[in-house]
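So the structure is just underneath, and the comments pick up after that.
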Amino acid sequence: TDEEVAAIDASLESFLALLSPYFLQKPSHQVLEYFIRKYSIQQHNVDAVMKCILPYHETNIFMRMLQIVHLGGNKHWGFLMETRNNGVPPSRALLIKYMSNRWFFNFVSQMVEDAVLVTKTSFKTLFSFYTSLMVSTIGSANNVMIRDLYPFLLSGIHSETPDYQITMYMIISALVVQMKGNLNLEVVEELLEEIIEHALPHTHKNALLCIVLILQNHDTENFPNDSTLTNLSSWKDLPKHSSQLSKQGYDVVSFLKYLLPRLCSSIGEMSKASYFLKILTLVPNLNELLSELVEICLIESSSVFHSVKKQHKVVLKKIFNLLRTKYNEEFKLCIDKFLQDGDTEK
């Protein structure tokens with residue numbers, strides 16, 4: 001019956017997805033041979049077979065399988081007929097070129113998402129393949145393709161598979177650089193919020209680099225909101241990663257110019273004050289933010305200093321001592337300016 005055929009097809013597709021990470025191993029070839037003889041998967045399950053073998057498109061074993069798959073008359077895979085007839089594995093450039101086909105563009109993204117859901121394990125060959133295709137395609141992607149890609153980006157951000165998250169961060173980074181200043185503000189802020197909320201501990205540094213590139217190429221009005229600030233403050237390794245990225249030459253200030261004033265405005269909370277102090281301690285070259293930070297610190301600390309506990313006062317004092325020591329001349333100028341502005345207002 002049709003229901004039985006559909007059930008068998010679904011089972012075969014799931015099994016082929018599970019088999020894909022082991023495609024280059026000989027036992028996998030024996031399994032495929034059995035499926036070819038028993039179910040004629042080379043004829044009836046072409047898409048499922050291609051999902052299984054496509055990440056290995058540059059190998060000879062891929063070509064051996066491609067020789068068997070029925071491509072004639074297949075509107076989706078006909079572009080591989082010439083390379084199959086020549087007996088030469090299809091190049092990455094050929095696949096990148098065909099990514100302009102909307103069906104194939106979505107097929108590749110769906111293939112990766114399905115593989116992650118089924119295998120629930122790291123599949124570095126697949127992620128490397130997908131990253132290469134997408135990063136190379138982003139430069140010529142139109143608005144329709146970007147709209148098609150967006151749900152997959154969110155799905156990857158939400159994933160519990162670290163390598164899949166990192167893959168999406170790399171694709172998002174390529175996208176925001178390519179679309180510099182032209183992404184919708186709501187999209188930019190949603191990406192920031194989702195990345196910060198769902199980043200796994202092992203992906204924090206990659207997530208932070210992605211956030212830096214987003215903010216380096218797009219302005220935002222509501223970042224970070226209260227929820228996002230709370231989530232960021234839970235990243236114990238953010239000060240360390242911010243310092244490392246800064247030393248590696250990344251423009252971390254494009255991110256910290258949003259985060260630090262919000263943190264500074266919350267130094268009345270012990271946890272936020274301690275977190276602010278840790279970032280100030282580890283991250284160099286915050287000169288361009290100094291005037292704003294000193295002013296906020298002075299206002300906030302003066303309003304809470306007499307009401308907070310002794311340990312909290314120690315942290316507030318450390319903040320000012322660090323600013324004075326690390327940015328001596330600039331700090332003095334900021335204090336003078338603050339006092340002059342205060343006199344002017346009076």
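By convention in this document, the chains of the structure tokens carry letters A, B, ... by their order, each chain's residues are numbered from 1, and ligands are numbered from 1 in the order they are shown.
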Which polymer residues have any atom within 9 Å of an atom of Lys257 (chain A), counting only C-alpha atoms, with same-chain residues fewer than 3 positions away left out, as an mmCIF file with N, CA and C atoms, in the first residue's frame?
data_model
loop_
_atom_site.group_PDB
_atom_site.id
_atom_site.type_symbol
_atom_site.label_atom_id
_atom_site.label_comp_id
_atom_site.auth_asym_id
_atom_site.auth_seq_id
_atom_site.Cartn_x
_atom_site.Cartn_y
_atom_site.Cartn_z
ATOM 1 N N VAL A 252 36.530 44.457 19.431
ATOM 2 C CA VAL A 252 35.633 44.089 20.524
ATOM 3 C C VAL A 252 34.885 45.303 21.065
ATOM 4 N N VAL A 253 35.460 46.478 20.891
ATOM 5 C CA VAL A 253 34.810 47.699 21.386
ATOM 6 C C VAL A 253 33.458 47.915 20.712
ATOM 7 N N SER A 254 33.301 47.428 19.477
ATOM 8 C CA SER A 254 32.011 47.567 18.791
ATOM 9 C C SER A 254 30.905 46.832 19.536
ATOM 10 N N LEU A 260 29.004 47.622 28.090
ATOM 11 C CA LEU A 260 29.576 48.226 29.301
ATOM 12 C C LEU A 260 28.739 49.355 29.892
ATOM 13 N N PRO A 261 28.191 50.268 29.095
ATOM 14 C CA PRO A 261 27.323 51.290 29.702
ATOM 15 C C PRO A 261 26.117 50.687 30.430
ATOM 16 N N LEU A 286 40.131 50.661 26.217
ATOM 17 C CA LEU A 286 38.733 51.109 26.255
ATOM 18 C C LEU A 286 38.649 52.635 26.306
ATOM 19 N N GLU A 288 38.063 54.996 24.195
ATOM 20 C CA GLU A 288 36.970 55.718 23.542
ATOM 21 C C GLU A 288 35.655 55.619 24.324
ATOM 22 N N LEU A 289 35.584 54.676 25.251
ATOM 23 C CA LEU A 289 34.382 54.533 26.078
ATOM 24 C C LEU A 289 34.543 55.172 27.446
#
Excluding region 145-162 of chain A and any residue of its chain fewer than 2 positions from it, enumerate the residues within 8 Å of it, using only C-alpha atoms, and give them as a ChimeraX atom specification.
/A:102,105-106,109-110,113,116,120-122,141-143,164-169,172,191,194-195,198-200,202-203
Would you please work out which residue, of A:Met170, A:Leu18, A:Leu277, A:Ile8, is nearest to Val31 (chain A) when using only C-alpha atoms?
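Checking each of A:Met170, A:Leu18, A:Leu277, A:Ile8 against Val31 (chain A), counting only C-alpha atoms, the winner is A:Leu18.
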Just the alpha helix (DSSP H) stuff from region 50-295 of chain A, please, per backbone DSSP, written as JSON, numbers by chain.
{"A": [50, 51, 52, 53, 60, 61, 62, 63, 64, 65, 66, 67, 68, 81, 82, 83, 84, 85, 86, 92, 93, 94, 95, 96, 97, 98, 102, 103, 104, 105, 106, 107, 108, 109, 110, 111, 112, 113, 114, 115, 116, 117, 118, 119, 124, 125, 126, 127, 128, 129, 130, 131, 132, 133, 134, 135, 136, 137, 138, 143, 144, 145, 146, 147, 148, 149, 150, 151, 152, 153, 154, 155, 156, 157, 158, 162, 163, 164, 165, 166, 167, 168, 169, 170, 171, 172, 173, 174, 175, 176, 177, 178, 185, 186, 187, 188, 189, 190, 191, 192, 193, 194, 195, 196, 197, 198, 204, 205, 206, 207, 208, 209, 210, 211, 212, 213, 214, 215, 216, 217, 226, 227, 228, 229, 230, 231, 232, 233, 238, 239, 240, 241, 242, 243, 244, 245, 246, 247, 253, 254, 255, 256, 257, 258, 259, 260, 261, 262, 263, 264, 270, 271, 272, 273, 274, 275, 276, 277, 278, 279, 280, 281, 282, 287, 288, 289, 290, 291, 292, 293, 294, 295]}
Would you list the contacts of Ser234 (chain A) as a list in words, taking every protein, DNA or RNA residue within 12 Å and counting only C-alpha atoms, but skipping same-chain residues closer than 2 positions in sequence?
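Counting only C-alpha atoms, the residues come to Ile196, Glu197, His198, Ala199, Leu200, Pro201, His204, Ser227, Thr228, Leu229, Thr230, Asn231, Leu232, Lys236, Asp237, Leu238, Pro239, Ser271, Lys272 and Tyr275 of chain A.
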Selection: 8 Å around region 123-129 of chain A, only C-alpha atoms, excl. self and same-chain fewer than 2 positions, as a compact mmCIF listing (two decimals) with C-alpha atoms, in the first residue's frame:
# COMPACT_ATOMS: atom_id res chain seq x y z
CA PRO A 21 29.08 9.92 8.81
CA PRO A 55 29.39 15.77 1.65
CA TYR A 56 31.92 13.35 0.08
CA VAL A 112 22.20 19.41 7.41
CA THR A 121 26.50 13.78 17.02
CA THR A 131 30.00 26.11 5.73
CA SER A 132 32.08 26.19 2.56
CA LEU A 133 29.01 26.17 0.31
CA ASP A 163 29.65 22.17 15.86
CA TYR A 164 26.29 22.98 14.27
CA THR A 167 28.73 26.48 11.67
Please compute the CA of Lys317 (chain A)-CA of Asp251 (chain A) distance, one decimal, in Å.
28.4 Å
Please provide as a VMD selection string all residues within 10 Å of Arg64 (chain A), with the sequence filter that same-chain residues fewer than 4 positions apart are discarded (counting only C-alpha atoms).
chain A and resid 59 to 60 68 to 69 84 87 89
For those residues, write N, CA, C and O atoms to a file as an mmCIF file, in the first residue's frame.
data_model
loop_
_atom_site.group_PDB
_atom_site.id
_atom_site.type_symbol
_atom_site.label_atom_id
_atom_site.label_comp_id
_atom_site.auth_asym_id
_atom_site.auth_seq_id
_atom_site.Cartn_x
_atom_site.Cartn_y
_atom_site.Cartn_z
ATOM 1 N N THR A 59 35.296 12.595 -3.562
ATOM 2 C CA THR A 59 35.952 11.294 -3.406
ATOM 3 C C THR A 59 35.573 10.342 -4.545
ATOM 4 O O THR A 59 34.530 10.494 -5.193
ATOM 5 N N ASN A 60 36.411 9.345 -4.750
ATOM 6 C CA ASN A 60 36.139 8.349 -5.793
ATOM 7 C C ASN A 60 34.953 7.459 -5.434
ATOM 8 O O ASN A 60 34.193 7.036 -6.311
ATOM 9 N N ILE A 68 25.722 4.778 -10.194
ATOM 10 C CA ILE A 68 24.583 3.863 -10.025
ATOM 11 C C ILE A 68 23.255 4.618 -9.936
ATOM 12 O O ILE A 68 22.212 4.147 -10.391
ATOM 13 N N VAL A 69 23.297 5.823 -9.335
ATOM 14 C CA VAL A 69 22.066 6.578 -9.080
ATOM 15 C C VAL A 69 21.412 6.999 -10.393
ATOM 16 O O VAL A 69 22.085 7.438 -11.333
ATOM 17 N N ARG A 84 29.297 13.054 -14.146
ATOM 18 C CA ARG A 84 29.216 11.599 -14.023
ATOM 19 C C ARG A 84 29.704 10.919 -15.295
ATOM 20 O O ARG A 84 30.455 9.933 -15.248
ATOM 21 N N GLY A 87 33.346 10.923 -15.480
ATOM 22 C CA GLY A 87 34.014 10.092 -14.481
ATOM 23 C C GLY A 87 34.878 10.875 -13.520
ATOM 24 O O GLY A 87 35.739 10.295 -12.847
ATOM 25 N N PRO A 89 34.966 13.434 -10.164
ATOM 26 C CA PRO A 89 34.133 13.937 -9.071
ATOM 27 C C PRO A 89 33.785 15.411 -9.262
ATOM 28 O O PRO A 89 34.635 16.203 -9.694
#
Fewer than 5 positions away in the same chain doesn't count, so skip those; otherwise give me all residues within 8 Å of Cys334 (chain A), counting only C-alpha atoms, as a list of chain:residue names.
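Skipping anything fewer than 5 positions along the chain leaves A:Leu290, A:Ser291, A:Val294, A:Glu295.
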Coordinates-based distance that separates CA of Phe15 (chain A) from CA of Asn85 (chain A) (Å, one decimal)
28.6 Å
